[in-house]
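Undergrad: First the structure, which I've put down as structure tokens, then a few questions once you've had a look.
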Amino acid sequence: MAVSITIGRRAGKIIAWLVAIIVILTVALGIFILTFDWNRARPYINDKVTQAIGRPFAINGDLKVGWQHPVGETGWRGWVPWPRFSAANIAVGNPDWTQQPHFATLDEIDFEVKVLPLLAHDIVIPAINLVNPSVDLERLLDGRNNWTFKLASSSGPSEWTLDLHDIAFAKGNIALSDQQKTVEMQVAIDTLGQPIPIGEVMRQQEAASRSASAEAVGKAGANKLAAQANAQAASEAAAASAAAASGASSTEITASGATVANGASGAPVAGGANGTSEGASGAAVSSASSTSEAGANGVRPAIPPYAIGWTVKGTYNKTPVSGSGKLGGVLALQDANRPFPVQADVKAGDLRVGLVGTLTDPAHLAAVDLRLWLQGSSLGRLYTLTGVTLPDTPPYATDGRLVGQFKSGGNVFTYENFTGRVGGSDLNGSLTYTAREPRPLLQGELVSHLLQFADLAPIIGADSKASKAKRGDATAQPANKVLPVEEFRTDRWHAIDADVKFTGNRIVKDTNLPITDLYTHVVMTDGVLSFEPLKFGVAGGSLSSDIHLDGSTTPLKGRFATSARHLKLKQLFPNFKTMQNALGEINGDAALSATGNSPAALAATSNGEVKALITDGTVSRLLMEAAGLNVANVVYEKLFGNRDVKIKCAAADFVATNGVLDPRVFALDTDDAVINIDGKVNLRDESMDLGVHPHTKGFRVFSLRSPLYVKGTFKDPHVGVDATALALRGGAMIGLGLINPFAALIPLLAPSNNQPLPCGQLLTQVRQAPSAPPPGVKQQAKPAISLNGAPVSKSAAGADSPAAAAKKPAVMSPATAAEYKGS
């Protein structure tokens, strides 16, 4: 018993001593921690971090460790203090090839660590505070960059895990110098005063972008764009309602009526307008941001509010860039399943970009879903910023939804169901950009419901000097030239492939232009641009061309095949009163080849054939009498009527040789007269030298019956009477008048010439398909077409003589004429 008591006393003393020792050590440790100068540990810490990251690391300011009562802990855990670490003036070095000495600098960092999770090898940091962080990013042309660290190799996975709950900072700066992308940027970041929901940001950006649209396309154009967007949103809302009524499960419907395909991007819709002043997308995103986290019912996660603001200034591809925007909180980046909000309003040169939406898994860039606004002076200027080759246009503004998928096989972005204004025209449709090798691909279908014909002029450089200056083109069009001299930018044709269809449902133009609509299918592959076809509705018929421009060679090689079908004479000359009773159609074909880097250069080197025929028509007799200068009959028709004259046929067959059009036949046959035209049209200097030779079929009184001429340039043509022939006829009239006054009328009497054109023969000749040599090869000479006894133009002098020509029927049969009309 005594032994047991002795053992108990000894055990008690031992336990007491152990407790005392632990208390003493704890107090000593606390006193040591509280009184120890942690700056003595800086060399050790600097060395270990330097070895770990492979870069110089230094804590140049005070290093402190303190203890703090835990916040939010209850029970006995609230009695376990947390250590709080702080360090000032921290710098991370750069490789020796960089321009800046430091990769990152930090005025101060401080954070707390939970003690108890350390026992399970978990480092739990409730919050980390950064003071004035600054990062300098650099990349050279050879690909070396300073943001890739050579971390020390590890034999296996670490037993420790890091759990960071929050990051806070007041201000920060990021600098980027990228020689590969020719980027020089300075970005300043700061926390917002309070979180801002995405719906409010959407409304703000929509108002700012519509104001920018008014600057680009005018207030009226911006209002029309808003109306287009509203109509588009209404259409989408109707489709959404229909989908909801049918119980479609593959579509999610937002509060605004817009739809999102499940799994498309992992984020709610961020596009469309609903006719309200704030726009549908703001309501859509606002409601989406208030939804609950995804659960069994499949509701998407809520969009977190914006927490960080930023501004940017610098250059991209030597283009000045400036702007501002907002982002979600830093820790929101860690949740791959939660959409991360982004917003930007950036100006690059004359381009302004506004966007609001979300990123999915932003740390790995899985997808984007944005409402995107664009404004600028010309779509062609997007090339320097995006690498996407688009034609030169008047100022534009667009509003649509950009959906993107980042894939290993090639990123895919779709600007879907967008609306826009280009000059005075509307533009609607969808475009898809696919990043692939060896060139990206642009695909889509575009529609303009009301197309201003003048807005097409910049595409070929035919717009005004003021318009060119506004879109940044310095090419001066010579004052005496009509054909555009602005060169095609064939170097851009190698940057991207394209397959885009465009429809202009209604063309608004000058009343003299009988064009009604447009359709084209643009295909570009490895520097070869094709229009398959380029088709206009013209004068109740169609003018269709297949154009092939090979920009892979210098100079460019072009091939053109054009067909005109069922062009109505009356509609071809809508403002020509004497043609308003005209009937009949024009049909024709052309095949040309050329070389040159501008429309003017291509015209000046063109070789091939151009053919046209008018069948089964009528024309004003007044016009025919005026063409023959039959003065008395013109006066009579003016006073007593305007009888129509039947056109038996009219034919034109030109051979183009190095830019010079030479007619094999160019003639018109009616019941009253035959008109033959000869001469040349020179596309090289844009000049004309044509002679018009009228030959009456009936007896005419007071007929001057002198040849007409059409001379001058395309810019300044001159039409008149052959002065020599007219002087000879006038001299004869005066001479005979001296002998007998009635004899003076003899030179003004026009005897009948009843030789008609061989219309059947002409029909056969003109209907033969035109041909063209390869680009750069001169067109072979072809004999003129014999007119079978009818008046022959000077250009046809080398053809068979009228006497030697076989007799042909003067008028084509109805069946033959119908055959051509139906082609």
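Just remember, in the structure tokens the first chain shown is A, the second B, etc., residues are 1-based per chain, and ligands are 1-based in the order shown.
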I'd like the contact shell of Ala127 (chain A) - 7 Å cut-off, only C-alpha atoms, skipping same-chain residues fewer than 4 positions apart - returned as an NGL selection string.

TA: :A and (111-112 or 164-167)

Undergrad: Any chance you could export the current selection's N, CA and C atoms as a JSON list (two decimals), in the first residue's frame?

TA:
[["chain", "number", "residue", "atom", "x", "y", "z"],
["A", 111, "PHE", "N", -0.84, 38.06, -44.52],
["A", 111, "PHE", "CA", -1.87, 37.02, -44.52],
["A", 111, "PHE", "C", -1.84, 36.26, -43.22],
["A", 112, "GLU", "N", -2.94, 35.60, -42.90],
["A", 112, "GLU", "CA", -3.08, 34.76, -41.72],
["A", 112, "GLU", "C", -3.14, 33.30, -42.16],
["A", 164, "LEU", "N", -6.85, 28.92, -50.54],
["A", 164, "LEU", "CA", -6.87, 30.37, -50.43],
["A", 164, "LEU", "C", -8.29, 30.86, -50.62],
["A", 165, "HIS", "N", -8.82, 31.54, -49.61],
["A", 165, "HIS", "CA", -10.22, 31.95, -49.63],
["A", 165, "HIS", "C", -10.44, 33.31, -50.31],
["A", 166, "ASP", "N", -9.53, 34.24, -50.18],
["A", 166, "ASP", "CA", -9.78, 35.58, -50.70],
["A", 166, "ASP", "C", -8.47, 36.29, -50.98],
["A", 167, "ILE", "N", -8.48, 37.14, -51.98],
["A", 167, "ILE", "CA", -7.34, 37.99, -52.31],
["A", 167, "ILE", "C", -7.85, 39.42, -52.38]]

Undergrad: I'd like to know which of A:Pro133, A:Pro438, A:Gly541, A:Gly712 is closest to Ser687 (chain A), using only C-alpha atoms.

TA: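 Under the stated criterion, the closest residue is A:Gly712.
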
Undergrad: Between CA of Glu108 (chain A) and CA of Asn145 (chain A), what is the distance in Å, rounded to a tenth?

TA: 25.8 Å

Undergrad: List as a PyMOL selection string the protein and nucleic acid residues near Val131 (chain A), meaning an atom at most 9 Å away when only C-alpha atoms are counted, but skip any in the same chain fewer than 5 places from it.

TA: chain A and resi 106-110+168-172

Undergrad: Any chance you could export the current selection's C-alpha atoms as a PDB file, in the first residue's frame?

TA:
ATOM      1  CA  LEU A 106       5.061  44.344 -54.152  1.00  0.00           C
ATOM      2  CA  ASP A 107       4.999  47.069 -51.531  1.00  0.00           C
ATOM      3  CA  GLU A 108       3.623  44.721 -48.909  1.00  0.00           C
ATOM      4  CA  ILE A 109       1.949  41.357 -48.417  1.00  0.00           C
ATOM      5  CA  ASP A 110       0.246  40.063 -45.294  1.00  0.00           C
ATOM      6  CA  ALA A 168      -7.590  41.712 -51.664  1.00  0.00           C
ATOM      7  CA  PHE A 169      -5.664  44.605 -53.116  1.00  0.00           C
ATOM      8  CA  ALA A 170      -6.178  48.317 -53.597  1.00  0.00           C
ATOM      9  CA  LYS A 171      -4.265  49.095 -56.763  1.00  0.00           C
ATOM     10  CA  GLY A 172      -1.984  47.314 -59.198  1.00  0.00           C
TER      11      GLY A 172
END

Undergrad: Using only C-alpha atoms, determine which residues lie at most 9 Å from region 42-53 of chain A, disregarding the query and same-chain residues fewer than 2 positions distant; provide the list as a list in words.

TA: Trp38, Asn39, Arg40, Arg55, Pro56, Phe57, Ala58, Ile59, Asn60, Asp62, Leu63, Val92, Phe149, Lys150, Leu151, Ala152 and Ser153 of chain A

Undergrad: Quick one: residues within 6 Å of Ala652 (chain A), only C-alpha atoms counted, chain neighbours fewer than 4 positions away excluded, as an MDAnalysis selection string?

TA: chainID A and resid 611:612 665:666

Undergrad: As a PyMOL selection string, please: every residue in region 370-462 of chain A that a backbone DSSP assignment puts in strand (DSSP E or B).

TA: chain A and resi 370-376+396-405+412-422+425-434+441-448+451-452
